[in-house]
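One structure is given below, encoded as structure tokens.
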Amino acid sequence: MKENQPKLAKLFILGVMFVVFCLAQITAVFSPVPLIVSALSFGRKKHHLISIICLSIILGICFYFKSFEIFIVAFISYMISVLVSEVIMKGIRPMKAILSLGSSIILLSFGFFGYSISQGFSVDSYIEDSIKKTELIFNERIKSNSSDVSSSEIQKLKIDEFFKDTKKSIPEVKKRFPLFYIGFVFLSLWGIFYFILKSYHLYSKPEFIKHSEESLKNFKMSDYFIFPVAIGLALLLFGEKLGPEYKYFGEVGLFLMGIFYFMQGFGILMTYFDRFGLQGIFRSLILILVIFFSPMFLCSLGLFDTWFDFRKKNKIKRKKV
């Protein structure tokens, strides 16, 4: 009985982490991670048990506040944790799993979205309502945080001007949102897999350890994908001569290719971090800065790897050392 107490404590902590990540909303993208850890550490039964308990707690909180958005997010996170843990347990190659799961999630989401539209859901109205709610939140924060009346009025004018311009750009929002959603799904899955594969040898049952983060770091797009990139670039630059929609098609193609070249570029960067021995806080700080402030650098790094094979040069340097 005493031997089981540490295990139950760890399972409890993982459950608490899941609930906190979901309730915080901004960290909801990481909420599948504690449940995946529970599945790999304690097996499927305990994973489902702690998930049901946590979902029940979140549902109770949602009933109290009469808002069920958080529960929907929590349930989706639970389903993702089931899918990710299953493919890891079965030893499916990580990139194959990311492509399959990501494509399935996107198709299901768009299918549900299309069904909602057929039932009367208005995209324009939803965007306008979201803008109004966001504008209201900003204005309330300005009133509560600013003691200087003149400064408060200036900030309010800037907010009103910003949201006035945003309302006029609803068509652009509708064009861009699907692209950002696709990127969010694939990159979130990739991030979750990378974190789990990098750390699961520390807590997972031995029979589930079949891959490592090296499989993601060594990911490389086929050289043939340079042709879709070239076509997308040509459409982006000269597509307007054929029609306005052709430029958008070029943008879509480049964005989709960019997602995977981003992953490739990240792997190259990590390889060189290992080469130069960058570890700890300094390594994490550089990663955060590059990912959030210079994602195009990673995309370009992945793209130019088609011709320069940066990892090969790194291997040559290692041999010389």
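Residues in the structure tokens are numbered from 1 in each chain, the chains being A, B, ... in the order shown, and ligands are numbered from 1 in the order shown.
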
So that I can see what lies close to segment 101-103 of chain A, please list as a short mmCIF file (atom, residue, chain, number, x, y, z; two decimals) with N, CA and C atoms, in the first residue's frame the residues with an atom at most 9 Å from it, counting only C-alpha atoms and leaving out residues fewer than 2 positions away in the same chain.
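Written out: around00.cif:
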```
data_model
loop_
_atom_site.label_atom_id
_atom_site.label_comp_id
_atom_site.auth_asym_id
_atom_site.auth_seq_id
_atom_site.Cartn_x
_atom_site.Cartn_y
_atom_site.Cartn_z
N ILE A 80 -6.95 14.38 -27.59
CA ILE A 80 -5.60 14.48 -28.17
C ILE A 80 -4.61 13.66 -27.36
N LEU A 83 -5.01 10.00 -28.33
CA LEU A 83 -4.46 9.72 -29.66
C LEU A 83 -2.93 9.72 -29.63
N VAL A 84 -2.35 10.73 -29.01
CA VAL A 84 -0.88 10.85 -28.97
C VAL A 84 -0.28 9.70 -28.17
N LYS A 96 5.04 10.70 -39.01
CA LYS A 96 3.86 10.07 -39.62
C LYS A 96 2.64 10.30 -38.73
N ALA A 97 2.83 10.16 -37.42
CA ALA A 97 1.73 10.38 -36.48
C ALA A 97 1.26 11.83 -36.49
N ILE A 98 2.21 12.77 -36.53
CA ILE A 98 1.86 14.19 -36.55
C ILE A 98 1.05 14.52 -37.81
N LEU A 99 1.49 14.02 -38.95
CA LEU A 99 0.78 14.28 -40.21
C LEU A 99 -0.62 13.68 -40.19
N ILE A 105 -7.54 15.98 -37.40
CA ILE A 105 -8.12 17.04 -36.56
C ILE A 105 -8.61 18.20 -37.43
N ILE A 106 -7.82 18.59 -38.42
CA ILE A 106 -8.20 19.71 -39.29
C ILE A 106 -9.44 19.38 -40.11
N LEU A 107 -9.49 18.17 -40.68
CA LEU A 107 -10.66 17.78 -41.48
C LEU A 107 -11.92 17.72 -40.63
N LEU A 108 -11.80 17.16 -39.42
CA LEU A 108 -12.95 17.10 -38.52
C LEU A 108 -13.41 18.50 -38.12
N ILE A 182 -4.49 25.85 -39.17
CA ILE A 182 -3.73 24.69 -39.65
C ILE A 182 -2.32 24.70 -39.06
N VAL A 185 -2.42 23.75 -35.34
CA VAL A 185 -2.64 22.32 -35.08
C VAL A 185 -1.36 21.53 -35.28
N PHE A 186 -0.71 21.69 -36.42
CA PHE A 186 0.49 20.91 -36.72
C PHE A 186 1.65 21.26 -35.77
N LEU A 189 0.97 19.90 -32.17
CA LEU A 189 1.23 18.46 -32.10
C LEU A 189 2.73 18.17 -32.14
#
```

Exercise. Of the residues A:Ile209, A:Gly243, A:Phe225, A:Ser300, which is the one nearest to Gly91 of chain A, using only C-alpha atoms?
Worked result: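 Comparing A:Ile209, A:Gly243, A:Phe225, A:Ser300 against Gly91 of chain A, the winner is A:Ile209.
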
For this session: Using only C-alpha atoms, pick whichever of A:Pro206, A:Gly258, A:Gly191, A:Pro171 has the shortest atom-to-atom distance to Leu303 of chain A.
Result: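 Of A:Pro206, A:Gly258, A:Gly191, A:Pro171, the one nearest Leu303 of chain A, counting only C-alpha atoms, is A:Gly258.
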
Exercise. What's the 12 Å shell around Leu59 of chain A, counting only C-alpha atoms, without same-chain residues fewer than 2 positions away, as a VMD selection string?
Worked result: chain A and resid 19 22 to 23 51 to 57 61 to 75

For this session: Could you jot down the atom CA of Leu301 of chain A to atom CA of Gly265 of chain A separation for me, Å, one decimal place?
Result: 4.9 Å

Exercise. If you count only C-alpha atoms, which residues fall within 9 Å of Thr271 of chain A, apart from same-chain ones fewer than 3 positions away, as a list of chain:residue names?
Worked result: A:Lys217, A:Asn218, A:Phe266, A:Gly267, A:Ile268, A:Asp274, A:Arg275, A:Phe276, A:Arg311, A:Asn314

Exercise. Mind pulling up the distance from atom CA of Ile259 of chain A to atom CA of Phe18 of chain A?
Worked result: 27.2 Å

Seminar exercise, completed: Of A:Glu245, A:Glu251, A:Asp305, A:Asp223, the one sitting nearest Met263 of chain A when using only C-alpha atoms is A:Asp305

For this session: Write out as a PyMOL selection string which residues come within 6 Å of segment 30-41 of chain A when counting only C-alpha atoms, dropping same-chain ones fewer than 2 positions away.
Result: chain A and resi 14+18+21+27-28+43-44+47+77+81+85+203-205

Generate the output file for the selected residues, all heavy atoms, as an mmCIF file, in the first residue's frame.
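File written: result-v7.cif
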```cif
data_model
loop_
_atom_site.group_PDB
_atom_site.id
_atom_site.type_symbol
_atom_site.label_atom_id
_atom_site.label_comp_id
_atom_site.auth_asym_id
_atom_site.auth_seq_id
_atom_site.Cartn_x
_atom_site.Cartn_y
_atom_site.Cartn_z
ATOM 1 N N LEU A 14 -0.406 15.176 -11.738
ATOM 2 C CA LEU A 14 -0.639 15.281 -13.182
ATOM 3 C C LEU A 14 -2.069 15.729 -13.472
ATOM 4 O O LEU A 14 -2.306 16.534 -14.379
ATOM 5 C CB LEU A 14 -0.357 13.930 -13.856
ATOM 6 C CG LEU A 14 1.114 13.490 -13.892
ATOM 7 C CD1 LEU A 14 1.227 12.056 -14.359
ATOM 8 C CD2 LEU A 14 1.929 14.408 -14.801
ATOM 9 N N PHE A 18 -3.319 19.218 -15.341
ATOM 10 C CA PHE A 18 -4.266 19.234 -16.467
ATOM 11 C C PHE A 18 -5.387 20.241 -16.217
ATOM 12 O O PHE A 18 -5.723 21.042 -17.097
ATOM 13 C CB PHE A 18 -4.836 17.836 -16.683
ATOM 14 C CG PHE A 18 -5.963 17.786 -17.681
ATOM 15 C CD1 PHE A 18 -5.720 17.987 -19.030
ATOM 16 C CD2 PHE A 18 -7.265 17.543 -17.264
ATOM 17 C CE1 PHE A 18 -6.757 17.948 -19.951
ATOM 18 C CE2 PHE A 18 -8.305 17.489 -18.171
ATOM 19 C CZ PHE A 18 -8.050 17.697 -19.523
ATOM 20 N N PHE A 21 -3.979 23.870 -16.342
ATOM 21 C CA PHE A 21 -3.678 24.277 -17.720
ATOM 22 C C PHE A 21 -4.951 24.621 -18.485
ATOM 23 O O PHE A 21 -4.979 25.586 -19.260
ATOM 24 C CB PHE A 21 -2.930 23.170 -18.456
ATOM 25 C CG PHE A 21 -1.481 23.050 -18.082
ATOM 26 C CD1 PHE A 21 -0.746 21.944 -18.469
ATOM 27 C CD2 PHE A 21 -0.837 24.033 -17.347
ATOM 28 C CE1 PHE A 21 0.595 21.821 -18.136
ATOM 29 C CE2 PHE A 21 0.501 23.935 -17.005
ATOM 30 C CZ PHE A 21 1.216 22.826 -17.399
ATOM 31 N N THR A 27 -2.661 28.461 -21.368
ATOM 32 C CA THR A 27 -1.780 27.290 -21.341
ATOM 33 C C THR A 27 -2.511 26.014 -21.788
ATOM 34 O O THR A 27 -1.970 24.919 -21.646
ATOM 35 C CB THR A 27 -1.225 27.074 -19.918
ATOM 36 O OG1 THR A 27 -2.330 26.991 -18.987
ATOM 37 C CG2 THR A 27 -0.313 28.206 -19.514
ATOM 38 N N ALA A 28 -3.721 26.166 -22.317
ATOM 39 C CA ALA A 28 -4.529 25.001 -22.703
ATOM 40 C C ALA A 28 -3.857 24.160 -23.776
ATOM 41 O O ALA A 28 -4.076 22.942 -23.852
ATOM 42 C CB ALA A 28 -5.906 25.452 -23.181
ATOM 43 N N GLY A 43 -0.212 3.527 -17.496
ATOM 44 C CA GLY A 43 -1.056 2.689 -18.334
ATOM 45 C C GLY A 43 -2.380 3.345 -18.694
ATOM 46 O O GLY A 43 -2.741 4.406 -18.174
ATOM 47 N N ARG A 44 -3.107 2.680 -19.571
ATOM 48 C CA ARG A 44 -4.339 3.244 -20.132
ATOM 49 C C ARG A 44 -5.437 3.427 -19.087
ATOM 50 O O ARG A 44 -6.120 4.449 -19.067
ATOM 51 C CB ARG A 44 -4.849 2.341 -21.258
ATOM 52 C CG ARG A 44 -3.958 2.310 -22.487
ATOM 53 C CD ARG A 44 -4.533 1.379 -23.548
ATOM 54 N NE ARG A 44 -3.727 1.371 -24.754
ATOM 55 C CZ ARG A 44 -2.714 0.540 -24.982
ATOM 56 N NH1 ARG A 44 -2.365 -0.355 -24.031
ATOM 57 N NH2 ARG A 44 -2.045 0.587 -26.121
ATOM 58 N N HIS A 47 -4.886 6.315 -16.799
ATOM 59 C CA HIS A 47 -4.966 7.529 -17.639
ATOM 60 C C HIS A 47 -6.419 7.934 -17.842
ATOM 61 O O HIS A 47 -6.784 9.111 -17.665
ATOM 62 C CB HIS A 47 -4.288 7.260 -18.983
ATOM 63 C CG HIS A 47 -4.604 8.275 -20.030
ATOM 64 N ND1 HIS A 47 -5.200 7.942 -21.227
ATOM 65 C CD2 HIS A 47 -4.424 9.617 -20.069
ATOM 66 C CE1 HIS A 47 -5.369 9.034 -21.957
ATOM 67 N NE2 HIS A 47 -4.912 10.060 -21.285
ATOM 68 N N SER A 77 -8.611 18.304 -25.439
ATOM 69 C CA SER A 77 -7.262 18.004 -24.940
ATOM 70 C C SER A 77 -7.153 16.550 -24.500
ATOM 71 O O SER A 77 -6.132 15.890 -24.742
ATOM 72 C CB SER A 77 -6.912 18.923 -23.768
ATOM 73 O OG SER A 77 -6.899 20.273 -24.179
ATOM 74 N N SER A 81 -4.756 13.689 -26.032
ATOM 75 C CA SER A 81 -3.855 12.905 -25.177
ATOM 76 C C SER A 81 -4.015 11.410 -25.435
ATOM 77 O O SER A 81 -3.027 10.667 -25.425
ATOM 78 C CB SER A 81 -4.113 13.219 -23.700
ATOM 79 O OG SER A 81 -5.299 12.600 -23.231
ATOM 80 N N SER A 85 -0.847 9.409 -27.015
ATOM 81 C CA SER A 85 -0.301 8.320 -26.187
ATOM 82 C C SER A 85 -0.418 6.972 -26.895
ATOM 83 O O SER A 85 0.490 6.137 -26.795
ATOM 84 C CB SER A 85 -1.004 8.279 -24.827
ATOM 85 O OG SER A 85 -2.395 8.097 -24.976
ATOM 86 N N TYR A 203 10.271 8.562 -17.320
ATOM 87 C CA TYR A 203 9.093 8.143 -16.554
ATOM 88 C C TYR A 203 8.260 7.053 -17.224
ATOM 89 O O TYR A 203 7.435 6.415 -16.580
ATOM 90 C CB TYR A 203 8.182 9.355 -16.283
ATOM 91 C CG TYR A 203 7.806 10.135 -17.511
ATOM 92 C CD1 TYR A 203 6.818 9.678 -18.374
ATOM 93 C CD2 TYR A 203 8.450 11.321 -17.828
ATOM 94 C CE1 TYR A 203 6.489 10.397 -19.514
ATOM 95 C CE2 TYR A 203 8.125 12.037 -18.967
ATOM 96 C CZ TYR A 203 7.145 11.572 -19.809
ATOM 97 O OH TYR A 203 6.827 12.274 -20.933
ATOM 98 N N SER A 204 8.465 6.813 -18.501
ATOM 99 C CA SER A 204 7.608 5.884 -19.230
ATOM 100 C C SER A 204 7.954 4.426 -18.916
ATOM 101 O O SER A 204 9.092 4.101 -18.545
ATOM 102 C CB SER A 204 7.744 6.123 -20.733
ATOM 103 O OG SER A 204 7.013 5.156 -21.459
ATOM 104 N N LYS A 205 6.961 3.567 -19.094
ATOM 105 C CA LYS A 205 7.229 2.131 -19.029
ATOM 106 C C LYS A 205 8.190 1.774 -20.162
ATOM 107 O O LYS A 205 8.039 2.272 -21.287
ATOM 108 C CB LYS A 205 5.926 1.342 -19.171
ATOM 109 C CG LYS A 205 4.984 1.504 -17.981
ATOM 110 C CD LYS A 205 3.742 0.629 -18.152
ATOM 111 C CE LYS A 205 2.841 0.735 -16.928
ATOM 112 N NZ LYS A 205 1.641 -0.116 -17.053
#
```

Exercise. For Ile58 of chain A, which residue among A:Val16, A:Phe42, A:Gly232, A:Ser104 is the nearest when counting only C-alpha atoms?
Worked result: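 Using only C-alpha atoms, the shortest distance to Ile58 of chain A belongs to A:Val16.
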
Exercise. Taking only C-alpha atoms into account, which of A:Tyr194, A:Phe12, A:Tyr78, A:Tyr115 comes nearest Met270 of chain A?
Worked result: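 Smallest distance to Met270 of chain A is found for A:Tyr194.
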
Problem set entry | Backbone DSSP call of alpha helix (DSSP H) for segment 156-311 of chain A, listed as a ChimeraX atom specification | /A:156-168,170-199,214-217,226-238,244-276,280-293,295-308,310-311

Exercise. How many Å lie between atom CA of Ser130 of chain A and atom CA of Pro178 of chain A, rounded to one decimal?
Worked result: 16.6 Å

Exercise. Near Gly302 of chain A, within 7 Å and counting only C-alpha atoms, which residues show up once chain neighbours fewer than 6 positions away are dropped, as a list of chain:residue names?
Worked result: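 The filter keeps A:Tyr261, A:Phe262, A:Gln264, A:Gly265.
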